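For reference, the structure is listed below as structure tokens.
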Amino acid sequence: MTQLKNSGSNTAAAVFFAQVAADILQRHAHSLPDLRQVVVVLPNYHVAAPLAQHLALAAKLPALLLPQMVTLNDWAESIPLTQVITPDTCRASTLYQALRAQNWFPGADLWGIASELLVLLDELTRHHVPLPQTEEDFLAQLEHAYKAKRNAAMQFEARVVHELWYAMSASGELDKARAYQQRLAILAQQATAPLTVLLTSDLSRLEMRFLQAYGENATVNIIDLRDIAAKQENCAVLHAALGKAENIDDVHAPVLQLREQAEQLAAHFPKSALGSRLRLFAANGLEQEARAADIQVRRWLLAGKNSIAIVAQDRLAARRVRALLERAEIQVRDETGWLLSTMAVSTVLMRWLDTLQSDFYYQDMLDLLKSPFIFAELAATERKQMVYQLEQLLRKHGAVAHLDVFLELAQNELPELGSILARLRQAAAELSKKSNTLKGWLLALERSLDILGVSAGLAADAAGVQMLQSVHTWQQELAADGIRYSRGEWRHWLALQLDAVTWRDASIDSPVLITHLAATRWRKFDAVLILGCDAGHLPSADNVAVWFNDAVRDTLGLPVRAVYRAQQRDDLLALLVMNDTVLATWQASKNGVANLLSPYLEILRGLHQLAYQDDLAENELAGMLEHAQVRSASASLPDSTHMPLPIVPPHLIPQRISASGYNSLVACPYQYYARYVLHLNELDEIREDIEKRDFGEWVHAILHRFHQQFNVLADNEVIELKQVLTNISIEVFAQAVQRDYWARAWLLRWQQSIPAYIEAQLKSEAEGWRYQNGEVAFEFPVTEELLMRGSIDRIDVLESTASVVRVLDYKTLNAAKLKAKLKQAGEDVQLPFYAHVFEATEAAFISIEKNKVLMVEPPQDVSQLSHANIERLKQVFSQMRSGIPLPANGLATVCEYCEMQGLCRKAEWA
Amino acid sequence: MDNHIALNPANSVVVEACAGSGKTWLLVSRIVRLLLAGVQPSEILAITFTRKAAQEMQERLHDWLHFLAASSDDEVREFLRERAIDNVDDAVLAKARGLYKDFLLSSSSITISTFHGWFMQIIQRAPLNAGVPVGLQLLERTAALREEAWDALADSLHAAPDGELAQEMQWLFNEYGLHNTRILLENFLGKRAEWWTYTQGQEDAVAWALEQLQDELQVELDDDPYVALQDADFDLNVQTYASLLASGSEAQQKLAHKLDAAMRNEDLPVRYQSLFDELHTATGEPRKLKANKGQNADHYASLYAGILQVLHGVQDVLIEQAALRLNQAGLRCGAAFLGHYQELKLRQQVMDFTDVEYQVARLMKHSDSAEYMQYKLDSRYKQLLLDEFQDTNPLQWQILQAWFEASVAAGEPPKIFIVGDPKQSIYRFRRADARLFGEVKDFMRAEFAAHYLTQNETRRNAPAVLDVVNGVFGNHPEGFVDFENHLAHHKNLPGHIVALPLHFQSALLPLGVNVESNLRNPLTEAREEADSGAREGEAGQFAATISDIVETWSVQESDGSTRYATYGDIMVLVRKRTHLRIYEAALREKNIPFLTSRRGGLLETLEAEDIQALLMFLIAPFADLQLAQVLRSPMFSCSDNDLMQLAAVEVKSTVELPVNVEASIPHFPKGGLGGICTWWSKLNHLAIINNISPELQRAHHLLKNWLSRADKLPVHDLLDHIYFSADLAHRYAAAVPEAMRTGVQANLQALLEVALDVDGGRYPSLPRFLAELRELREAENESPDEGKVGEVGNALRIYTVHEAKGLEAPIVWLLDANDTRSKNDGYGVLIDWPTNAALPAHFSLYGTLASQGKMRQPMFEAEQQYAKREAMNLLYVAITRAKQVLLVSGNGKNEEAEQKKNVLSWYDRIAQNIAQTGNPLLSKANIIKTVAPQTKLLIDADLQRLLPTGKQLSIETLEQGRGTWLHALLQQLTTPGVVADQAALQIRCGISSAEIDALWQQAQALLAQPALHRFFNATQYLSAHNEMPYVNARGEIKRIDRMVEFDTEVWVLDYKTSANHDAAPYRAQMAEYLSAMQSVYAKKQVRCALVFADGKLIEV
Ligand code: SF4
């Protein structure tokens, strides 16, 4: 099976350039060596150099004054106009206001509609489509085109377009499209220079007319690649599959069937000229496609090719490939570029506006402050340090929003942060207006960015510079525009603007470049890689226009989908005939779902398969994917993971232990190790709403205060008790309720337990128990190296014999769960732990639920239990000292909620 | 079934086709027939249930068309014959061959799509005045926005804490608590489409809905439910009854006292409650109170009955009132919640699927716009094909109907082809309604003279499997009435059914009441898994059996050959994901590669969490736990000793970190945050005094590097750099068990692609990306496609039955099939939407299922019936996935529990229908397929090496910049016709504002130089050219800054901006110009000169 030739350079293109050169020289033989009066219209400037070289080659003169080689656009641009051109920014604004005034689209995104409309209006101009005088006629036109009788919807559409079209044209302003029109007209009038035009596909109606007009005053010579390629033997298959005649949409063309074509080809050209030029690689997903592309490009480089084009039909794939190439330190020249809106430079800008919008919601603000472009005058290290401090401050206090809150916190704890927060406030002031003109907003924006040191930051970045310039330009363009907008409206406008600006990195020079199909017309490369050749990307999905449909556009004389597709097919054809080393890749399946090849290539493949029993499949790369990658494998690979068994050196063994610590130790020694030896714990989250945790704390606080007030309830009125307890509750919850509405629900929930609690308390008093103390902090030596510490919720004593003690712990859990905890002796150590410290013989959880309060006691004998519990504690610690490791042996149920999963790596143990 | 009818383009057809009967074949065949009959692609609309199915149809269509274009005449004839075209003349043949190219190159394209795909098309073309906001984006994940709406609701309540709404909310809190309230309101939100439809046209939707409900429940909130108690007869009744009792047994006397006591209570509610409690058991059943001997049994009984009747009367009223109250509060708050949600979406210019659906329905019902849509879309559908119709929901059906009508109105009634299978309707939770199928059948017959065909022959399942199917469903259990026996197409496809013995809980361990025995020592003894037994048992057996099946059982290929089974052949089905972890653990233990569909699967895997931890660290280097995780992960595989070394560091807050440690955060100065000392600063510290393990060294080195890039690179590029520089793929591969490797690799890859997608979005940043991930994690995938499980080599796949829809496998295993619990935890919405009705007949909320109330009972029961039926559908789908082998396993409490239970589990139903036979798949595979080893060509070693290519262009210095700008200015200023407008030229030449003035002066001055006058004043020369290009014999292109032609001379001018006037460096260049131009202007004298910025001219 033939594969792409991996050496030598493009010979296919030479043929065509030679033809063009010969043609030009022959036409202008008389004026050699000075061709300056000749004009050659190029699709793009990359074509100039090769053409010039071929001219020189053919002319064989010491010097040849080159013809004027120019793109139609630039040529037109060079024609001066007396009237100034109204920039689109202004037109959009005018249109926006018109829409707002008409109130045609209540609640809709008017900027979106406005820009849609501009596109349509420009199209109408560009394609010489005059709308009928009256709305009525226009409507009739639509009716006819839609092949339907008129109705409200249609009338509305007609009216909007018709009115605005006339409104805009009436203004007598000169927009880009019109200017272009006029300039071409002038060019045609003044036409003297003989003209040669290089084409790959049909020109727009406007441009065709121009050439006709021009032709009346001077010679016009059109060279269409499709035509000369058609005569080229080694393009036979391409021509047969994608050539002009095959344009299905012109009905007169005789359509040959695949088999007939194949037979003809095989008969005329027994050997395929295409097989060695084009290959198709079917990938089973994005990654494979990218890797294949990466490898092929590197193979070509190694084979000495020094102009390699990557045609990015699929942007994602292209990014992936670029990243992979950069792994091999291959830099890529990118002709496609980036939309500003997808770049960090606009992130900083938009995040700043978000921050204002959300009144300094912490996520927006921190995101803003972490941008590399802000506070440019500070050293990166310094800036970051400040931001990190601020973030920790906010986390510590759970501060969610409001600059003032942050400022206050900073004042108290981190005055050094005052300066940056102050600058935020100052910058915010700049944009505090209710409404303003677009220019006004932009100026304010510029000022605020100066204050934040963002302007300076952006100025140091190529894309940033372009953004600043754009903002500046808009701001000048809109100088005269007096319409006022709310900040929201303006922000939306800005977003659309950023979507419209493309930034290209001109700073890289490389033999490898990324470009789009349309930019390859008449260009030659040593090798071409077309990425993303699936049906979805080639032809690229056509964008649905809100206005009309193809039928209407057609009758109006606007280009229809078919035209854009034909365009792309011509471009593909041109690319394939101009270049003799091409690999087209596509994802034949995306996560398990089939994905079709581009219809053009599918036809090509089908034809080639039939004619030459070769389906053009590339089948070397697949085998190389695994091993042809660049790796940075300096370090040796790790062994397979096993259960960790850390041995804690004496100096790290904790000297104090709390009940929860001990619980952790019992549940999983490694968890204990991570928490209390490594002292690792989760970051404080800035929680925006209440959680069970807070609830528990508040209940504790409430009951503590309550019992401080009432050691004994018995001799009080239940009503009164309820009242007091309720009041305390409200006080304790007050702050939360202030901050978060849902806190009320928690309060209610607790209040529903109050009667039950009092009842339960009275009951226990009746049994002779008396509240003795609550929230008692303690430290209690176990051994000389170990201290028990903590704080107990509550201690009761038996009235009769003050010696009998009961330790109690409030839990907002249901009794069943608590029972389960206590079922197995020693697995939940909290109660025995306290019991030991306070020499209690009784212990219980107090389970507090919605209108249900229960005492839950361990099924075992408490004093025995607490004794055994301490013995074990001593034993375990002495074992630790004697170097016994701490295994990660938690139960699945423990692991599920364990924050140390990432440390013990349980999920990947061998 | 007769394909002549089904495929005939002239017919409208409804096909009820059983699982595996080749629906896709049928649909695509019909499409081919349509194209053959000259139907334009754009006139065809095919709707399937998932994107996957749509893609498959597309692919199949292409393959077939290509086949027709490429194959021999006979093959083509045969192909057409199979599709019921009998006499194929040359014309047909030619046509058939032509289809391929026509189809591929035609710009009118066929629509094969999901409902939502199609709806989106419609919405995008919606009439501009239809009130469908223009240019909305589709919102695929709503979780985050619902959350926001919830907060918004809170804020609005907060603003008016005593307002009406707030009080309703308080009421809900009181009754149900925050949690259930939220569930209730979320469920309401989930049914918004029904809600809108139900209340459309009502300006106060809630009030109206409440009125409806009030009528249905036949109560009012202010009715006094207790009136009946005050009735004198009732008093009398009770007293007589009590006195009767008083004369009776001790128990009876007790009761008599109680009743009297109750009656004496003045507070009616209390009286009612105590009476009720006395006469009912704890479960609310009336107590069986028999008369004793000597008591008049009848009298006794009638009295008792009378009392109960009154009490129950009261009870009913109370329940209905409660229901009404709940709806009053629930609907008000729900509507408010919904309001916020909708508003948020509008503000962000997005629509969710429900909106789209509802909007489209609205459009289509409005005849004007319906008609408009008909022609607005560039395709007038003459042929509709609807797949999986049983999954259509009422709204979608209405849309279709409206569409039909509109096209009839437009005078182009379409032909409609409907395929479906009510037995496979399992998407009720997505509001699908299988009952529609029956309705539609009739509708189609009536309106479109449709033919009705059934297909009960399956091309998928082996006879053995079908025996089970027929056995289980033959007697129409749980309203499975529409079942007809299935026939096998492949009569001798070997099959096998296994029901593995159930697993029961091992007897529980005795309670550790006595503590003499020492407590467990956690260091030396792991704790016993508490509920070890039942499920774990099943899981173990499952894994064991799998590894036994693979390589010993043989499966049959489509070509009839057999080969040994691989993991890839096995599909494991569960009803819900709840316990997947346990089964997965078992698989891991046995080193069985598998792909799971566990929710959030990707982002919750350890490897993905490692990456997220790393990124978190990169934006917040004080995140110690995250750093520790990263260190321990295979990325760096640091040991616990490394960690302990770090933990032990006591960085004095005075330790000086060299400033060059860019991006490392110096730990905070005292006073800062209590002199926090992060692990990262500790690591820096250790790295500097450098006594650390190579692992830590490496970690420190790389992390530092990454920190410095974190805020500069786009996320994907950053990740790729990390993956590469850490050699991530290989390190993980080395660290994790064989069985997990493929999965881990796939996950790491997937994460990269997520980054790629998110990067594509606007205003990217690392923090935003992490937020996105958090959101992705919480969000359920709401687009109506099955959860996606990428295909990876040879691995067993675990799906929920829902996800398995449309899939098949040689071997299917139903896990956990003995679970009979059906979940409805209450706090939902009760809807009655009669099929084919324009809108729901009933819409109300309910709390706990316990208190349904008489009035809504029938609807609840209907619901439950339906639920049961759907459960059977689910089972049907599950079983019919199996081509050859069906295994079923399960677990339970214990034997007698099994005996006692009154519902049949899936396990039972299948087990009952197994005819014990040997396992034909144990027969040796005849062809042992060995996977062809990939053509291993030896790799050019250079491909594994770096290949530095391309370079950063040196950035222009300001000097050079000025040079180019001056050039540009001069060129512009000396081009005829160019207006000398500074501002304009500044923009055109892209000159910075800082420079323009100076340059402008300079240029003007230069041009004004008398010495240069002759070169710039058009009156003084014949012609002049700026930037004039020529090409020399060597093909090199040169540019001459300005060439001025006089009668006898030609001057070549070259602008120079260098300060000194030294011409030496330029002589060679000028000489080249000179000779070149001399060759052009043979008759004139060519002279060259340098023109310096200050206007000095030096001839050379
Ligand atoms: S995940 Fe489980 S094993 Fe690992 S530390 Fe936490 S509890 Fe222990």
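As shown in the structure tokens, the chain order sets the letters A, B, ...; within each chain, residues go from 1, and ligands are also counted from 1 in the order they appear.
The residues sitting within 8 Å of ligand 1, with only C-alpha atoms and all ligand atoms considered, come out as Ala667, Cys668, Pro669, Tyr670, Gln671, Tyr672, Ala674, Pro887, Ala888, Asn889, Gly890, Leu891, Ala892, Val894, Cys895, Glu896, Tyr897, Cys898, Glu899, Met900, Gln901, Gly902, Leu903, Cys904, Arg905 and Lys906 of chain A.
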Q. How would you write, as an NGL selection string, the set of residues in stretch 126-289 of chain A that DSSP gives as strand (DSSP E or B)?
A. :A and (174 or 195-199 or 220-224 or 278-283)
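Taking atom CA of A:Val237 as the reference point, atom CA of A:Gln568 is found at 18.0 Å.
With only C-alpha atoms as the atoms that count, the residue of A:Ser510, A:Gln751, A:Thr71, A:Gln411 with the shortest distance to chain B is A:Ser510.
Near B:Ala539, within a cut-off of 10 Å and counting only C-alpha atoms, sit the residues His503, Gly533, Ala534, Ala544, Thr545, Leu580, Ile582, Tyr583, Glu584, Ala585, Ala586, Leu587, Leu815, Asp816, Ser889, Gly890 and Asn891 of chain B, with same-chain residues fewer than 5 positions away left out.
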Filtering to N, CA and C atoms, could you give me those residues as an mmCIF file, in the first residue's frame?
```cif
data_model
loop_
_atom_site.group_PDB
_atom_site.id
_atom_site.type_symbol
_atom_site.label_atom_id
_atom_site.label_comp_id
_atom_site.auth_asym_id
_atom_site.auth_seq_id
_atom_site.Cartn_x
_atom_site.Cartn_y
_atom_site.Cartn_z
ATOM 1 N N HIS B 503 -28.178 -14.629 48.029
ATOM 2 C CA HIS B 503 -27.313 -14.546 49.205
ATOM 3 C C HIS B 503 -28.057 -13.891 50.345
ATOM 4 N N GLY B 533 -22.018 -9.747 54.278
ATOM 5 C CA GLY B 533 -23.014 -10.770 54.044
ATOM 6 C C GLY B 533 -23.730 -10.438 52.773
ATOM 7 N N ALA B 534 -25.056 -10.570 52.837
ATOM 8 C CA ALA B 534 -25.913 -10.461 51.667
ATOM 9 C C ALA B 534 -25.220 -9.884 50.429
ATOM 10 N N ALA B 544 -16.462 -13.728 40.852
ATOM 11 C CA ALA B 544 -15.886 -15.069 40.634
ATOM 12 C C ALA B 544 -16.450 -15.673 39.352
ATOM 13 N N THR B 545 -17.779 -15.636 39.224
ATOM 14 C CA THR B 545 -18.406 -16.243 38.047
ATOM 15 C C THR B 545 -17.914 -15.581 36.767
ATOM 16 N N LEU B 580 -23.589 0.290 43.579
ATOM 17 C CA LEU B 580 -22.560 -0.115 42.611
ATOM 18 C C LEU B 580 -21.189 -0.267 43.264
ATOM 19 N N ILE B 582 -20.074 -1.428 45.890
ATOM 20 C CA ILE B 582 -19.743 -2.746 46.455
ATOM 21 C C ILE B 582 -19.387 -3.733 45.344
ATOM 22 N N TYR B 583 -20.225 -3.744 44.290
ATOM 23 C CA TYR B 583 -19.950 -4.703 43.213
ATOM 24 C C TYR B 583 -18.642 -4.358 42.499
ATOM 25 N N GLU B 584 -18.415 -3.061 42.346
ATOM 26 C CA GLU B 584 -17.172 -2.653 41.683
ATOM 27 C C GLU B 584 -15.975 -3.108 42.494
ATOM 28 N N ALA B 585 -16.083 -2.960 43.809
ATOM 29 C CA ALA B 585 -14.978 -3.396 44.673
ATOM 30 C C ALA B 585 -14.656 -4.859 44.401
ATOM 31 N N ALA B 586 -15.715 -5.669 44.336
ATOM 32 C CA ALA B 586 -15.495 -7.101 44.109
ATOM 33 C C ALA B 586 -14.763 -7.324 42.788
ATOM 34 N N LEU B 587 -15.186 -6.593 41.744
ATOM 35 C CA LEU B 587 -14.531 -6.743 40.442
ATOM 36 C C LEU B 587 -13.057 -6.384 40.557
ATOM 37 N N LEU B 815 -27.892 -7.651 38.087
ATOM 38 C CA LEU B 815 -27.396 -7.639 39.462
ATOM 39 C C LEU B 815 -28.493 -7.185 40.408
ATOM 40 N N ASP B 816 -28.371 -7.608 41.680
ATOM 41 C CA ASP B 816 -29.227 -7.057 42.727
ATOM 42 C C ASP B 816 -30.698 -7.137 42.311
ATOM 43 N N SER B 889 -28.752 -12.511 39.580
ATOM 44 C CA SER B 889 -28.349 -12.791 40.962
ATOM 45 C C SER B 889 -28.998 -11.754 41.860
ATOM 46 N N GLY B 890 -29.006 -12.055 43.149
ATOM 47 C CA GLY B 890 -29.617 -11.112 44.074
ATOM 48 C C GLY B 890 -29.272 -11.455 45.506
ATOM 49 N N ASN B 891 -29.771 -10.654 46.446
ATOM 50 C CA ASN B 891 -29.539 -10.922 47.857
ATOM 51 C C ASN B 891 -30.792 -10.580 48.631
#
```
Q | Selection: 12 Å around B:Ala1064, only C-alpha atoms, excl. self and same-chain fewer than 3 positions, as a ChimeraX atom specification | A | /B:1060-1061,1067-1071,1090,1098-1100
Expected file: the selected residues, N, CA, C and O atoms, as a PDB file, in the first residue's frame:
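The result, stored in out.pdb:
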```
ATOM      1  N   ASN B1060      23.606  58.369  12.618  1.00  0.00           N
ATOM      2  CA  ASN B1060      24.814  58.808  11.884  1.00  0.00           C
ATOM      3  C   ASN B1060      24.618  58.634  10.384  1.00  0.00           C
ATOM      4  O   ASN B1060      23.777  57.834   9.950  1.00  0.00           O
ATOM      5  N   HIS B1061      25.347  59.362   9.633  1.00  0.00           N
ATOM      6  CA  HIS B1061      25.133  59.373   8.182  1.00  0.00           C
ATOM      7  C   HIS B1061      26.112  58.457   7.465  1.00  0.00           C
ATOM      8  O   HIS B1061      26.549  58.762   6.363  1.00  0.00           O
ATOM      9  N   ARG B1067      26.208  50.019   0.990  1.00  0.00           N
ATOM     10  CA  ARG B1067      26.690  50.129  -0.386  1.00  0.00           C
ATOM     11  C   ARG B1067      26.307  48.897  -1.199  1.00  0.00           C
ATOM     12  O   ARG B1067      25.726  48.994  -2.289  1.00  0.00           O
ATOM     13  N   ALA B1068      26.590  47.739  -0.659  1.00  0.00           N
ATOM     14  CA  ALA B1068      26.332  46.498  -1.414  1.00  0.00           C
ATOM     15  C   ALA B1068      24.889  46.484  -1.890  1.00  0.00           C
ATOM     16  O   ALA B1068      24.585  46.405  -3.081  1.00  0.00           O
ATOM     17  N   GLN B1069      23.999  46.684  -0.936  1.00  0.00           N
ATOM     18  CA  GLN B1069      22.561  46.666  -1.227  1.00  0.00           C
ATOM     19  C   GLN B1069      22.258  47.651  -2.360  1.00  0.00           C
ATOM     20  O   GLN B1069      21.616  47.315  -3.354  1.00  0.00           O
ATOM     21  N   MET B1070      22.783  48.864  -2.240  1.00  0.00           N
ATOM     22  CA  MET B1070      22.475  49.889  -3.229  1.00  0.00           C
ATOM     23  C   MET B1070      23.034  49.489  -4.590  1.00  0.00           C
ATOM     24  O   MET B1070      22.387  49.677  -5.625  1.00  0.00           O
ATOM     25  N   ALA B1071      24.225  48.897  -4.546  1.00  0.00           N
ATOM     26  CA  ALA B1071      24.842  48.457  -5.810  1.00  0.00           C
ATOM     27  C   ALA B1071      23.905  47.494  -6.527  1.00  0.00           C
ATOM     28  O   ALA B1071      23.630  47.618  -7.722  1.00  0.00           O
ATOM     29  N   LEU B1090      20.822  57.495  -0.264  1.00  0.00           N
ATOM     30  CA  LEU B1090      20.215  57.217   1.040  1.00  0.00           C
ATOM     31  C   LEU B1090      19.596  58.510   1.551  1.00  0.00           C
ATOM     32  O   LEU B1090      20.213  59.567   1.449  1.00  0.00           O
ATOM     33  N   ILE B1098      22.412  61.281   0.807  1.00  0.00           N
ATOM     34  CA  ILE B1098      23.780  60.900   0.446  1.00  0.00           C
ATOM     35  C   ILE B1098      23.739  59.966  -0.737  1.00  0.00           C
ATOM     36  O   ILE B1098      23.174  58.870  -0.662  1.00  0.00           O
ATOM     37  N   GLU B1099      24.309  60.410  -1.849  1.00  0.00           N
ATOM     38  CA  GLU B1099      24.300  59.523  -3.019  1.00  0.00           C
ATOM     39  C   GLU B1099      25.399  58.494  -2.881  1.00  0.00           C
ATOM     40  O   GLU B1099      26.465  58.768  -2.346  1.00  0.00           O
ATOM     41  N   VAL B1100      25.135  57.298  -3.329  1.00  0.00           N
ATOM     42  CA  VAL B1100      26.176  56.245  -3.265  1.00  0.00           C
ATOM     43  C   VAL B1100      26.332  55.606  -4.642  1.00  0.00           C
ATOM     44  O   VAL B1100      25.380  55.627  -5.433  1.00  0.00           O
TER      45      VAL B1100
END
```
Q | Which of A:Asn711, A:Ser589, A:Ser507, A:Ser878 sits closest to chain B [using only C-alpha atoms] | A | A:Ser507
Would you kindly return, as a short mmCIF file (atom, residue, chain, number, x, y, z; two decimals) with all heavy atoms, in the first residue's frame, each protein, DNA or RNA residue with an atom no farther than 7 Å from any atom of stretch 773-779 of chain B, considering only C-alpha atoms and excluding same-chain residues fewer than 3 positions away?
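Now in around_16.cif:
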```
data_model
loop_
_atom_site.label_atom_id
_atom_site.label_comp_id
_atom_site.auth_asym_id
_atom_site.auth_seq_id
_atom_site.Cartn_x
_atom_site.Cartn_y
_atom_site.Cartn_z
N ARG B 141 -27.22 22.02 31.62
CA ARG B 141 -27.21 21.66 33.04
C ARG B 141 -27.92 22.75 33.84
O ARG B 141 -27.53 23.91 33.79
CB ARG B 141 -25.78 21.49 33.53
CG ARG B 141 -25.18 20.16 33.11
CD ARG B 141 -23.75 20.04 33.60
NE ARG B 141 -22.83 20.76 32.72
CZ ARG B 141 -22.19 21.86 33.06
NH1 ARG B 141 -22.36 22.40 34.25
NH2 ARG B 141 -21.37 22.42 32.20
N ALA B 143 -28.71 22.46 37.25
CA ALA B 143 -28.52 22.35 38.71
C ALA B 143 -28.07 23.68 39.29
O ALA B 143 -28.68 24.20 40.22
CB ALA B 143 -27.51 21.26 39.01
N ALA B 144 -27.03 24.25 38.69
CA ALA B 144 -26.46 25.47 39.26
C ALA B 144 -27.51 26.58 39.30
O ALA B 144 -27.66 27.28 40.30
CB ALA B 144 -25.27 25.92 38.45
N GLY B 600 -21.25 11.17 38.13
CA GLY B 600 -20.06 11.93 38.48
C GLY B 600 -18.85 11.04 38.40
O GLY B 600 -17.79 11.33 38.91
N LEU B 603 -15.36 12.62 37.62
CA LEU B 603 -14.75 13.61 38.50
C LEU B 603 -14.55 13.08 39.91
O LEU B 603 -13.84 13.66 40.71
CB LEU B 603 -15.61 14.87 38.53
CG LEU B 603 -15.61 15.58 37.18
CD1 LEU B 603 -16.59 16.74 37.18
CD2 LEU B 603 -14.23 16.05 36.83
N PHE B 769 -12.59 27.37 36.00
CA PHE B 769 -12.58 25.98 35.57
C PHE B 769 -12.92 25.07 36.75
O PHE B 769 -13.78 24.19 36.66
CB PHE B 769 -11.21 25.62 35.00
CG PHE B 769 -11.07 24.18 34.60
CD1 PHE B 769 -11.82 23.67 33.56
CD2 PHE B 769 -10.22 23.33 35.28
CE1 PHE B 769 -11.70 22.35 33.18
CE2 PHE B 769 -10.09 22.01 34.91
CZ PHE B 769 -10.84 21.51 33.87
N LEU B 770 -12.27 25.32 37.88
CA LEU B 770 -12.56 24.48 39.05
C LEU B 770 -14.01 24.61 39.47
O LEU B 770 -14.66 23.62 39.78
CB LEU B 770 -11.63 24.87 40.21
CG LEU B 770 -10.25 24.23 40.06
CD1 LEU B 770 -9.26 24.85 41.03
CD2 LEU B 770 -10.34 22.73 40.31
#
```
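The coordinates place atom CA of A:Leu51 at 23.7 Å from atom CA of B:Leu1074.
Excluding B:Ala70 itself and any same-chain residue fewer than 3 positions from it, the protein and nucleic acid residues within 8 Å of it, counting only C-alpha atoms, are Leu258, Arg259, Gly606 and Leu610 of chain A; His66, Phe67 and Arg97 of chain B.
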Could you dump the residues just selected with N, CA and C atoms as a compact mmCIF listing (two decimals), in the first residue's frame?
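Result file follows (again.txt):
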```txt
# COMPACT_ATOMS: atom_id res chain seq x y z
N LEU A 258 -21.18 6.89 -9.94
CA LEU A 258 -19.88 6.56 -9.38
C LEU A 258 -19.18 5.49 -10.21
N ARG A 259 -19.91 4.44 -10.47
CA ARG A 259 -19.27 3.31 -11.16
C ARG A 259 -18.79 3.73 -12.54
N GLY A 606 -14.85 6.86 -2.16
CA GLY A 606 -15.67 5.87 -2.86
C GLY A 606 -15.18 5.69 -4.30
N LEU A 610 -13.33 2.39 -5.93
CA LEU A 610 -13.88 1.66 -7.08
C LEU A 610 -12.89 1.60 -8.23
N HIS B 66 -23.84 3.83 -0.33
CA HIS B 66 -22.56 3.52 -0.96
C HIS B 66 -22.61 2.13 -1.58
N PHE B 67 -23.18 1.21 -0.84
CA PHE B 67 -23.33 -0.15 -1.35
C PHE B 67 -24.06 -0.12 -2.69
N ARG B 97 -28.36 3.69 -7.97
CA ARG B 97 -26.92 3.96 -8.00
C ARG B 97 -26.62 5.44 -7.81
```
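Taking only stretch 1006-1096 of chain B, the residues that DSSP calls alpha helix (DSSP H) from the backbone come to Leu1006, Leu1007, Ala1008, His1013, Arg1014, Phe1015, Phe1016, Arg1067, Ala1068, Gln1069, Met1070, Ala1071, Glu1072, Tyr1073, Leu1074, Ser1075, Ala1076, Met1077, Gln1078, Ser1079 and Val1080 of chain B.
Straight-line separation from atom CA of A:Ala815 to atom CA of A:Met855: 8.0 Å.
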Q | Contacts of B:Gln167 at 10 Å (only C-alpha atoms; same-chain gap of 5+ positions) as a VMD selection string | A | chain B and resid 157 160 to 162 172 to 173 329 333
